[in-house]
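For reference, run17.pdb is printed below; it contains PDB, C-alpha atoms, pLDDT in the B column.
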```pdb
ATOM      1  CA  MET A1337      84.559  73.448  84.483  1.00 61.00           C
ATOM      2  CA  ILE A1338      85.132  76.425  86.790  1.00 85.00           C
ATOM      3  CA  ILE A1339      85.096  74.346  89.998  1.00 88.00           C
ATOM      4  CA  LYS A1340      88.534  72.998  90.885  1.00 90.00           C
ATOM      5  CA  GLU A1341      89.373  70.341  93.464  1.00 88.00           C
ATOM      6  CA  VAL A1342      91.962  71.280  96.074  1.00 90.00           C
ATOM      7  CA  LEU A1343      94.727  68.661  96.141  1.00 86.00           C
ATOM      8  CA  GLY A1344      94.866  66.789  99.432  1.00 90.00           C
ATOM      9  CA  PHE A1345      91.317  67.741 100.442  1.00 90.00           C
ATOM     10  CA  SER A1346      88.557  65.464  99.208  1.00 88.00           C
ATOM     11  CA  ASN A1347      85.805  67.714 100.556  1.00 89.00           C
ATOM     12  CA  LEU A1348      87.048  71.135  99.413  1.00 92.00           C
ATOM     13  CA  ASP A1349      86.551  72.743  96.027  1.00 94.00           C
ATOM     14  CA  ILE A1350      87.466  76.223  94.835  1.00 93.00           C
ATOM     15  CA  ILE A1351      86.470  78.633  92.089  1.00 92.00           C
ATOM     16  CA  LEU A1352      89.253  81.028  91.140  1.00 89.00           C
ATOM     17  CA  SER A1353      88.326  84.552  90.159  1.00 84.00           C
ATOM     18  CA  GLY A1354      90.811  84.908  87.317  1.00 84.00           C
ATOM     19  CA  ALA A1355      92.012  88.246  86.013  1.00 87.00           C
ATOM     20  CA  ILE A1356      90.400  91.413  87.351  1.00 86.00           C
ATOM     21  CA  PRO A1357      87.857  92.570  84.771  1.00 87.00           C
ATOM     22  CA  PRO A1358      87.432  96.240  83.821  1.00 90.00           C
ATOM     23  CA  ASN A1359      83.831  96.204  85.119  1.00 89.00           C
ATOM     24  CA  PRO A1360      83.646  94.029  88.279  1.00 88.00           C
ATOM     25  CA  ALA A1361      80.625  95.833  89.734  1.00 90.00           C
ATOM     26  CA  GLU A1362      78.573  95.240  86.602  1.00 91.00           C
ATOM     27  CA  LEU A1363      79.495  91.563  86.598  1.00 90.00           C
ATOM     28  CA  LEU A1364      78.488  91.160  90.239  1.00 91.00           C
ATOM     29  CA  LEU A1365      75.150  92.880  89.695  1.00 93.00           C
ATOM     30  CA  ASN A1366      74.009  91.267  86.426  1.00 95.00           C
ATOM     31  CA  GLY A1367      72.404  88.309  88.252  1.00 95.00           C
ATOM     32  CA  HIS A1368      74.894  85.623  87.177  1.00 93.00           C
ATOM     33  CA  PHE A1369      76.817  85.663  90.482  1.00 93.00           C
ATOM     34  CA  GLU A1370      73.618  85.239  92.494  1.00 96.00           C
ATOM     35  CA  ALA A1371      72.506  82.420  90.166  1.00 96.00           C
ATOM     36  CA  LEU A1372      75.892  80.727  90.636  1.00 94.00           C
ATOM     37  CA  LEU A1373      75.532  80.885  94.423  1.00 95.00           C
ATOM     38  CA  ASP A1374      71.995  79.484  94.226  1.00 96.00           C
ATOM     39  CA  GLN A1375      73.252  76.556  92.137  1.00 95.00           C
ATOM     40  CA  LEU A1376      76.213  75.896  94.445  1.00 95.00           C
ATOM     41  CA  LYS A1377      73.941  75.880  97.528  1.00 95.00           C
ATOM     42  CA  GLN A1378      72.288  72.771  96.110  1.00 95.00           C
ATOM     43  CA  ASP A1379      75.584  70.847  96.084  1.00 92.00           C
ATOM     44  CA  TYR A1380      77.602  72.274  99.014  1.00 94.00           C
ATOM     45  CA  ASP A1381      77.011  72.603 102.758  1.00 93.00           C
ATOM     46  CA  TYR A1382      79.037  75.818 103.061  1.00 94.00           C
ATOM     47  CA  LEU A1383      80.037  78.522 100.599  1.00 94.00           C
ATOM     48  CA  LEU A1384      82.877  80.895 101.476  1.00 93.00           C
ATOM     49  CA  VAL A1385      83.317  83.990  99.320  1.00 93.00           C
ATOM     50  CA  ASP A1386      86.626  85.795  99.794  1.00 91.00           C
ATOM     51  CA  THR A1387      86.172  89.426  98.770  1.00 89.00           C
ATOM     52  CA  ALA A1388      88.309  92.536  98.636  1.00 84.00           C
ATOM     53  CA  PRO A1389      88.502  94.676 101.785  1.00 83.00           C
ATOM     54  CA  THR A1390      85.554  97.074 102.029  1.00 84.00           C
ATOM     55  CA  VAL A1391      87.920  99.955 102.637  1.00 84.00           C
ATOM     56  CA  LEU A1392      89.448  99.491  99.150  1.00 82.00           C
ATOM     57  CA  VAL A1393      86.524  98.737  96.833  1.00 84.00           C
ATOM     58  CA  THR A1394      82.733  98.544  97.025  1.00 86.00           C
ATOM     59  CA  ASP A1395      82.422  95.071  95.448  1.00 89.00           C
ATOM     60  CA  THR A1396      81.889  93.437  98.836  1.00 90.00           C
ATOM     61  CA  LEU A1397      79.049  95.802  99.697  1.00 92.00           C
ATOM     62  CA  LEU A1398      77.366  95.058  96.374  1.00 93.00           C
ATOM     63  CA  ILE A1399      77.004  91.360  97.169  1.00 93.00           C
ATOM     64  CA  SER A1400      76.802  91.475 100.974  1.00 92.00           C
ATOM     65  CA  HIS A1401      73.023  90.944 100.933  1.00 93.00           C
ATOM     66  CA  LEU A1402      73.693  87.428  99.580  1.00 94.00           C
ATOM     67  CA  ALA A1403      75.696  86.429 102.680  1.00 93.00           C
ATOM     68  CA  ASP A1404      74.358  84.683 105.765  1.00 93.00           C
ATOM     69  CA  VAL A1405      77.410  85.789 107.773  1.00 93.00           C
ATOM     70  CA  THR A1406      80.172  88.324 107.162  1.00 92.00           C
ATOM     71  CA  LEU A1407      83.538  87.503 108.747  1.00 91.00           C
ATOM     72  CA  TYR A1408      86.038  90.339 108.930  1.00 88.00           C
ATOM     73  CA  LEU A1409      89.523  88.784 109.182  1.00 89.00           C
ATOM     74  CA  THR A1410      92.243  90.679 111.039  1.00 90.00           C
ATOM     75  CA  ARG A1411      95.697  89.844 112.397  1.00 91.00           C
ATOM     76  CA  ALA A1412      96.957  90.919 115.807  1.00 89.00           C
ATOM     77  CA  HIS A1413      99.912  93.340 115.644  1.00 88.00           C
ATOM     78  CA  TYR A1414      99.486  93.613 111.867  1.00 90.00           C
ATOM     79  CA  THR A1415      96.064  95.042 110.993  1.00 88.00           C
ATOM     80  CA  ASP A1416      96.124  98.834 111.260  1.00 88.00           C
ATOM     81  CA  VAL A1417      94.081  99.837 114.307  1.00 85.00           C
ATOM     82  CA  LYS A1418      92.465 102.619 112.244  1.00 86.00           C
ATOM     83  CA  LEU A1419      90.746  99.917 110.182  1.00 87.00           C
ATOM     84  CA  ILE A1420      88.881  98.750 113.291  1.00 86.00           C
ATOM     85  CA  GLU A1421      87.008 102.074 113.216  1.00 89.00           C
ATOM     86  CA  HIS A1422      86.000 101.308 109.616  1.00 90.00           C
ATOM     87  CA  ILE A1423      84.727  97.878 110.697  1.00 89.00           C
ATOM     88  CA  LYS A1424      82.774  99.493 113.522  1.00 90.00           C
ATOM     89  CA  GLU A1425      81.175 101.947 111.064  1.00 91.00           C
ATOM     90  CA  MET A1426      80.188  99.096 108.716  1.00 90.00           C
ATOM     91  CA  HIS A1427      78.507  97.390 111.655  1.00 90.00           C
ATOM     92  CA  GLU A1428      76.743 100.514 112.952  1.00 92.00           C
ATOM     93  CA  GLN A1429      75.463 101.382 109.472  1.00 92.00           C
ATOM     94  CA  GLN A1430      74.340  97.748 108.982  1.00 89.00           C
ATOM     95  CA  LYS A1431      76.116  97.574 105.642  1.00 89.00           C
ATOM     96  CA  LEU A1432      77.260  93.986 106.179  1.00 87.00           C
ATOM     97  CA  THR A1433      75.118  90.988 107.145  1.00 81.00           C
ATOM     98  CA  ASN A1434      75.478  89.324 110.556  1.00 90.00           C
ATOM     99  CA  MET A1435      79.001  90.642 111.037  1.00 91.00           C
ATOM    100  CA  ALA A1436      81.753  89.075 113.154  1.00 91.00           C
ATOM    101  CA  ILE A1437      85.484  89.710 113.560  1.00 90.00           C
ATOM    102  CA  VAL A1438      88.159  87.016 113.527  1.00 92.00           C
ATOM    103  CA  VAL A1439      91.507  87.984 115.061  1.00 91.00           C
ATOM    104  CA  ASN A1440      94.374  85.735 113.969  1.00 92.00           C
ATOM    105  CA  GLY A1441      97.879  85.688 115.419  1.00 90.00           C
ATOM    106  CA  VAL A1442      96.963  86.298 119.055  1.00 88.00           C
ATOM    107  CA  GLU A1443      99.769  84.998 121.244  1.00 85.00           C
ATOM    108  CA  GLU A1444      99.083  83.315 124.541  1.00 79.00           C
ATOM    109  CA  LYS A1445     101.611  84.651 127.023  1.00 74.00           C
ATOM    110  CA  ARG A1446     102.962  82.221 129.553  1.00 57.00           C
ATOM    111  CA  GLY A1447     105.104  82.866 132.559  1.00 51.00           C
ATOM    112  CA  TYR A1448     105.005  84.138 136.087  1.00 53.00           C
ATOM    113  CA  GLY A1449     102.778  86.896 137.252  1.00 52.00           C
ATOM    114  CA  TYR A1450      99.213  87.714 137.934  1.00 56.00           C
ATOM    115  CA  ASN A1451      96.568  87.993 135.257  1.00 54.00           C
ATOM    116  CA  TYR A1452      92.909  88.707 135.515  1.00 56.00           C
ATOM    117  CA  GLY A1453      90.514  88.398 132.656  1.00 56.00           C
ATOM    118  CA  TYR A1454      86.823  88.435 132.062  1.00 56.00           C
ATOM    119  CA  GLY A1455      84.907  87.630 128.944  1.00 55.00           C
ATOM    120  CA  TYR A1456      81.302  87.423 127.969  1.00 57.00           C
ATOM    121  CA  GLY A1457      79.647  86.636 124.708  1.00 53.00           C
ATOM    122  CA  TYR A1458      76.637  85.120 123.105  1.00 55.00           C
ATOM    123  CA  MET A1459      75.706  83.760 119.740  1.00 54.00           C
ATOM    124  CA  ARG A1460      72.241  83.289 118.313  1.00 54.00           C
ATOM    125  CA  ARG A1461      71.816  79.844 116.846  1.00 50.00           C
ATOM    126  CA  SER A1462      69.601  80.402 113.842  1.00 52.00           C
ATOM    127  CA  ASN A1463      70.290  77.165 111.990  1.00 49.00           C
ATOM    128  CA  PRO A1464      69.803  73.886 113.925  1.00 51.00           C
ATOM    129  CA  ASN A1465      71.587  71.999 111.110  1.00 46.00           C
ATOM    130  CA  LEU A1466      74.956  73.525 112.091  1.00 45.00           C
ATOM    131  CA  GLY A1467      75.529  71.105 114.964  1.00 46.00           C
ATOM    132  CA  ASN A1468      77.874  72.561 117.591  1.00 42.00           C
ATOM    133  CA  PHE A1469      78.888  75.432 115.279  1.00 41.00           C
ATOM    134  CA  GLY A1470      77.543  78.576 116.844  1.00 42.00           C
ATOM    135  CA  SER A1471      76.670  76.964 120.175  1.00 40.00           C
ATOM    136  CA  GLY A1472      79.625  78.374 122.095  1.00 41.00           C
ATOM    137  CA  LYS A1473      80.973  74.844 122.683  1.00 39.00           C
ATOM    138  CA  GLU A1474      84.356  73.722 121.506  1.00 38.00           C
ATOM    139  CA  LEU A1475      84.250  71.448 118.502  1.00 34.00           C
TER
END
```

Starting from the file, give its structure as structure tokens.
Amino acid sequence: MIIKEVLGFSNLDIILSGAIPPNPAELLLNGHFEALLDQLKQDYDYLLVDTAPTVLVTDTLLISHLADVTLYLTRAHYTDVKLIEHIKEMHEQQKLTNMAIVVNGVEEKRGYGYNYGYGYGYMRRSNPNLGNFGSGKEL
């Protein structure tokens, strides 16, 4: 069985990738990966696929058409700012599906002083089965 339960989480399973094969692109494109995802969609509400950074290898781009959403994970004060330009190019060239950026490690500064901020955003809710996810409301 390739699906493993995560200890301490009754509703989370994982499939480990194993050793890096000599021909990852061929394995991703032979139809078996897509068939696996189709099978898993029947049993799971959400599928998360953690892939290599697009700046390092093309594997992610090869399977990106299978994704409903692409989340680009970054960390404040850690991710090289030059990589943001790469993310912007991926978005402009529409190489990744429904792309969004997650910034981890943002510190909320507290103290005296004056701050002014303004933010605006929107999110299209394409799947009514997601509940509050994607509605802009806090969960």

Expected selection from the PyMOL selection byres ((chain A and resi 1414-1431) around 9), given as a PyMOL selection string: chain A and resi 1390-1391+1397+1400-1401+1408+1410-1413+1432-1435+1437+1441

Selection result of the PyMOL selection byres ((chain A and resi 1357-1363) around 12) on this file, as a ChimeraX atom specification: /A:1353-1356,1364-1370,1387-1388,1393-1399

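Straight-line separation from atom CA of Pro1389 of chain A to atom CA of Leu1352 of chain A: 17.3 Å.
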
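Across the structure, atom CA of Asn1347 of chain A and atom CA of Leu1384 of chain A are spaced 13.5 Å apart.
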
Between atom CA of Leu1407 of chain A and atom CA of Ala1436 of chain A, what is the distance in Å, rounded to a tenth? 5.0 Å

I'd like to know which of A:Ala1403, A:Leu1343, A:Ile1338, A:Ile1350 is closest to Asp1374 of chain A, using only C-alpha atoms.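 Of all the options, A:Ala1403 lies closest to Asp1374 of chain A.
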
For Leu1348 of chain A: contacts at 12 Å, all atoms listed in the file, fewer than 5 positions along chain excluded, given as a ChimeraX atom specification: /A:1339-1343,1379-1384

Keeping only C-alpha atoms, write the selected residues to a file as a PDB file, in the frame of the given file.
```
ATOM      1  CA  ILE A1339      85.096  74.346  89.998  1.00 88.00           C
ATOM      2  CA  LYS A1340      88.534  72.998  90.885  1.00 90.00           C
ATOM      3  CA  GLU A1341      89.373  70.341  93.464  1.00 88.00           C
ATOM      4  CA  VAL A1342      91.962  71.280  96.074  1.00 90.00           C
ATOM      5  CA  LEU A1343      94.727  68.661  96.141  1.00 86.00           C
ATOM      6  CA  ASP A1379      75.584  70.847  96.084  1.00 92.00           C
ATOM      7  CA  TYR A1380      77.602  72.274  99.014  1.00 94.00           C
ATOM      8  CA  ASP A1381      77.011  72.603 102.758  1.00 93.00           C
ATOM      9  CA  TYR A1382      79.037  75.818 103.061  1.00 94.00           C
ATOM     10  CA  LEU A1383      80.037  78.522 100.599  1.00 94.00           C
ATOM     11  CA  LEU A1384      82.877  80.895 101.476  1.00 93.00           C
TER      12      LEU A1384
END
```

Rebuild segment 1344-1365 of chain A to N, CA and C atoms - output it as an mmCIF file, in the frame of the given file, please.
```cif
data_model
loop_
_atom_site.group_PDB
_atom_site.id
_atom_site.type_symbol
_atom_site.label_atom_id
_atom_site.label_comp_id
_atom_site.auth_asym_id
_atom_site.auth_seq_id
_atom_site.Cartn_x
_atom_site.Cartn_y
_atom_site.Cartn_z
ATOM 1 N N GLY A 1344 94.701 67.175 98.046
ATOM 2 C CA GLY A 1344 94.866 66.789 99.432
ATOM 3 C C GLY A 1344 93.622 66.969 100.279
ATOM 4 N N PHE A 1345 92.561 67.535 99.701
ATOM 5 C CA PHE A 1345 91.317 67.741 100.442
ATOM 6 C C PHE A 1345 90.165 67.206 99.600
ATOM 7 N N SER A 1346 89.621 66.083 100.007
ATOM 8 C CA SER A 1346 88.557 65.464 99.208
ATOM 9 C C SER A 1346 87.226 66.200 99.324
ATOM 10 N N ASN A 1347 87.087 67.045 100.338
ATOM 11 C CA ASN A 1347 85.805 67.714 100.556
ATOM 12 C C ASN A 1347 85.909 69.241 100.415
ATOM 13 N N LEU A 1348 86.856 69.700 99.603
ATOM 14 C CA LEU A 1348 87.048 71.135 99.413
ATOM 15 C C LEU A 1348 87.257 71.435 97.936
ATOM 16 N N ASP A 1349 86.426 72.293 97.410
ATOM 17 C CA ASP A 1349 86.551 72.743 96.027
ATOM 18 C C ASP A 1349 86.703 74.259 96.034
ATOM 19 N N ILE A 1350 87.213 74.792 94.926
ATOM 20 C CA ILE A 1350 87.466 76.223 94.835
ATOM 21 C C ILE A 1350 87.116 76.723 93.435
ATOM 22 N N ILE A 1351 86.663 77.945 93.366
ATOM 23 C CA ILE A 1351 86.470 78.633 92.089
ATOM 24 C C ILE A 1351 87.390 79.844 92.112
ATOM 25 N N LEU A 1352 88.318 79.903 91.194
ATOM 26 C CA LEU A 1352 89.253 81.028 91.140
ATOM 27 C C LEU A 1352 88.631 82.191 90.368
ATOM 28 N N SER A 1353 88.948 83.383 90.780
ATOM 29 C CA SER A 1353 88.326 84.552 90.159
ATOM 30 C C SER A 1353 88.928 84.901 88.803
ATOM 31 N N GLY A 1354 90.170 84.552 88.580
ATOM 32 C CA GLY A 1354 90.811 84.908 87.317
ATOM 33 C C GLY A 1354 91.287 86.341 87.321
ATOM 34 N N ALA A 1355 91.523 86.872 86.143
ATOM 35 C CA ALA A 1355 92.012 88.246 86.013
ATOM 36 C C ALA A 1355 90.923 89.234 86.434
ATOM 37 N N ILE A 1356 91.351 90.374 86.946
ATOM 38 C CA ILE A 1356 90.400 91.413 87.351
ATOM 39 C C ILE A 1356 89.811 92.060 86.103
ATOM 40 N N PRO A 1357 88.492 92.001 85.962
ATOM 41 C CA PRO A 1357 87.857 92.570 84.771
ATOM 42 C C PRO A 1357 87.762 94.100 84.885
ATOM 43 N N PRO A 1358 87.547 94.777 83.770
ATOM 44 C CA PRO A 1358 87.432 96.240 83.821
ATOM 45 C C PRO A 1358 86.126 96.715 84.457
ATOM 46 N N ASN A 1359 85.153 95.823 84.605
ATOM 47 C CA ASN A 1359 83.831 96.204 85.119
ATOM 48 C C ASN A 1359 83.328 95.233 86.191
ATOM 49 N N PRO A 1360 84.061 95.042 87.295
ATOM 50 C CA PRO A 1360 83.646 94.029 88.279
ATOM 51 C C PRO A 1360 82.270 94.290 88.876
ATOM 52 N N ALA A 1361 81.930 95.533 89.131
ATOM 53 C CA ALA A 1361 80.625 95.833 89.734
ATOM 54 C C ALA A 1361 79.489 95.387 88.825
ATOM 55 N N GLU A 1362 79.611 95.655 87.552
ATOM 56 C CA GLU A 1362 78.573 95.240 86.602
ATOM 57 C C GLU A 1362 78.427 93.728 86.573
ATOM 58 N N LEU A 1363 79.544 93.024 86.632
ATOM 59 C CA LEU A 1363 79.495 91.563 86.598
ATOM 60 C C LEU A 1363 78.854 90.987 87.864
ATOM 61 N N LEU A 1364 79.082 91.634 88.993
ATOM 62 C CA LEU A 1364 78.488 91.160 90.239
ATOM 63 C C LEU A 1364 76.994 91.441 90.311
ATOM 64 N N LEU A 1365 76.546 92.457 89.604
ATOM 65 C CA LEU A 1365 75.150 92.880 89.695
ATOM 66 C C LEU A 1365 74.259 92.386 88.553
#
```
